[in-house]
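Student: Could you have a look at this structure, given as structure tokens, before my questions?
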Amino acid sequence: MMLSQLGGLSAAAGGLAGLKNPNEIYIGMLQSRSIGDRLITEFKLQERYDETTMDETRMELLKKASFMSGKDGMIRISVEDHDPRFSAQLANAYVDQLIRLTRTLAVTEAARRRLYFEGQLKTVKNQLADAEVAMRSMQETTGMLQLDAQVKSIIANEAQLQGMIAAKEVQLGAMRSFATINNPAYVRLQEEVRGLNAQLGKLKKGQESSQGDAIMATRKIPEVGVEYIRSLRDVKYYETMFEMMAKQYELAKIDESKDSSVIQLLDSAVVPEKKSGPKRGRLLLGGLFGGLVLAAIIALLRDSYMRMRNDVGNQVRWTELRQARK
């Protein structure tokens, strides 16, 4: 019953830190050095662009590639190159690298929660395995010990309370990464932790022994019994933790699968049928206009020179200048 009550936490926290425009983050990732260096290595772009350093190659790559986010939520990738097949390959490689990068980075809030609980689940799983191995080793050396039902119930209650407290503290740690201390879900979870701690304190106080164990006085129990109880308590504690972390992890995975910002390839890049540049018509018009302007300038200069040569006054001055030099 208590496990089922935890199910709403992930859903309640899911809307706290949603991304307004994840496309901006994806475009930033496409322009990142991580993706750029991978593409430079994969396609040997430093030799292709004839650059001497990686920084110059990255700058040249960013000049060749462009990324645009539309109002329809689509991201468009364009790559220019003198080889049309290579431009299509490089554009598709950008998409592949982006998908790979988003698998390792927590971009959305649901992905951050999934990665967090995934790490916690692995830790608790290893701890549970260690506790089970320790208990089996103890049983092999001492043999099974039949305990009173009341003692078993006390141990189970304490382990369950400790497991609940630890799990909720883990959830508090997860919420601190995306929620403020005034968040209603965060405040409610803190109150639940305080209530569980109060229950655990009452249980320990009522069953406290000379060594602080929440069982009957240890001096009345054989040493082997105490060892068995502690091993059993550890196993039950980590079992409770594992069940809670597994539930939170599965809920986070479901939320992540519902996230609309997951990258999906709509149209892969194909070899273009026409060149994007240079425009032949513009080049022709530009050359024609430039030729006319140049021809007009040459004609004006030639006409001015011929007038100067044919002017009688200029001829006399040139003759006097040559005689003065002699």
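Residues in the structure tokens are numbered from 1 in each chain, the chains being A, B, ... in the order shown, and ligands are numbered from 1 in the order shown.
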Write out as number ranges by chain which residues come within 12 Å of A:Val270 when counting only C-alpha atoms, dropping same-chain ones fewer than 4 positions away.
Tutor: A: 77-79, 84-92, 274
Student: Compile the contact shell of stretch 163-172 of chain A as a PyMOL selection string: residues with an atom at most 7 Å away, counting only C-alpha atoms, same-chain residues fewer than 5 positions apart removed.
Tutor: chain A and resi 186+193+196+237+240-241+244
Student: Take the residues from that selection and put them in a file with N, CA, C and O atoms, as a compact mmCIF listing (two decimals), in the first residue's frame.
Tutor:
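Below is the file that was written, again_6.txt:
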```txt
# COMPACT_ATOMS: atom_id res chain seq x y z
N TYR A 186 7.51 19.10 -2.54
CA TYR A 186 8.74 19.00 -1.73
C TYR A 186 8.40 19.15 -0.24
O TYR A 186 8.91 18.39 0.60
N VAL A 193 8.65 12.47 5.70
CA VAL A 193 9.90 11.98 6.28
C VAL A 193 9.94 12.22 7.78
O VAL A 193 10.35 11.34 8.56
N LEU A 196 7.64 9.66 9.48
CA LEU A 196 8.23 8.32 9.53
C LEU A 196 9.36 8.25 10.55
O LEU A 196 9.52 7.24 11.24
N TYR A 237 15.68 -4.51 4.63
CA TYR A 237 15.84 -3.07 4.38
C TYR A 237 16.16 -2.80 2.91
O TYR A 237 15.54 -1.97 2.25
N THR A 240 13.23 -3.52 0.55
CA THR A 240 12.27 -2.42 0.51
C THR A 240 12.78 -1.27 -0.36
O THR A 240 12.06 -0.70 -1.18
N MET A 241 14.07 -0.92 -0.16
CA MET A 241 14.67 0.14 -0.96
C MET A 241 14.64 -0.21 -2.45
O MET A 241 14.33 0.64 -3.30
N MET A 244 11.16 0.18 -4.00
CA MET A 244 10.77 1.59 -4.17
C MET A 244 11.54 2.24 -5.31
O MET A 244 10.96 2.97 -6.13
```
Student: For the contact check between stretch 17-84 of chain A and stretch 96-103 of chain A, emit one row per residue of stretch 17-84 of chain A within 9 Å, containing the shortest atom pair and the distance in Å rounded to one decimal, counting only C-alpha atoms, chain then rising number order, as CSV.
Tutor:
```
residue,atom,partner,partner_atom,distance
A:Tyr26,CA,A:Leu98,CA,7.6
A:Met29,CA,A:Leu98,CA,7.1
A:Leu30,CA,A:Leu98,CA,6.5
A:Ser34,CA,A:Leu101,CA,8.8
A:Ile35,CA,A:Gln97,CA,6.3
A:Arg38,CA,A:Gln97,CA,8.0
A:Leu39,CA,A:Gln97,CA,8.3
```
Student: Compile the contact shell of stretch 57-63 of chain A as a list of chain:residue names: residues with an atom at most 8 Å away, counting only C-alpha atoms, same-chain residues fewer than 5 positions apart removed.
Tutor: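 So the residues in contact are A:Gln31, A:Arg33, A:Gly36, A:Asp37, A:Ile40, A:Leu45, A:Gln46, A:Tyr49, A:Glu51, A:Thr52.
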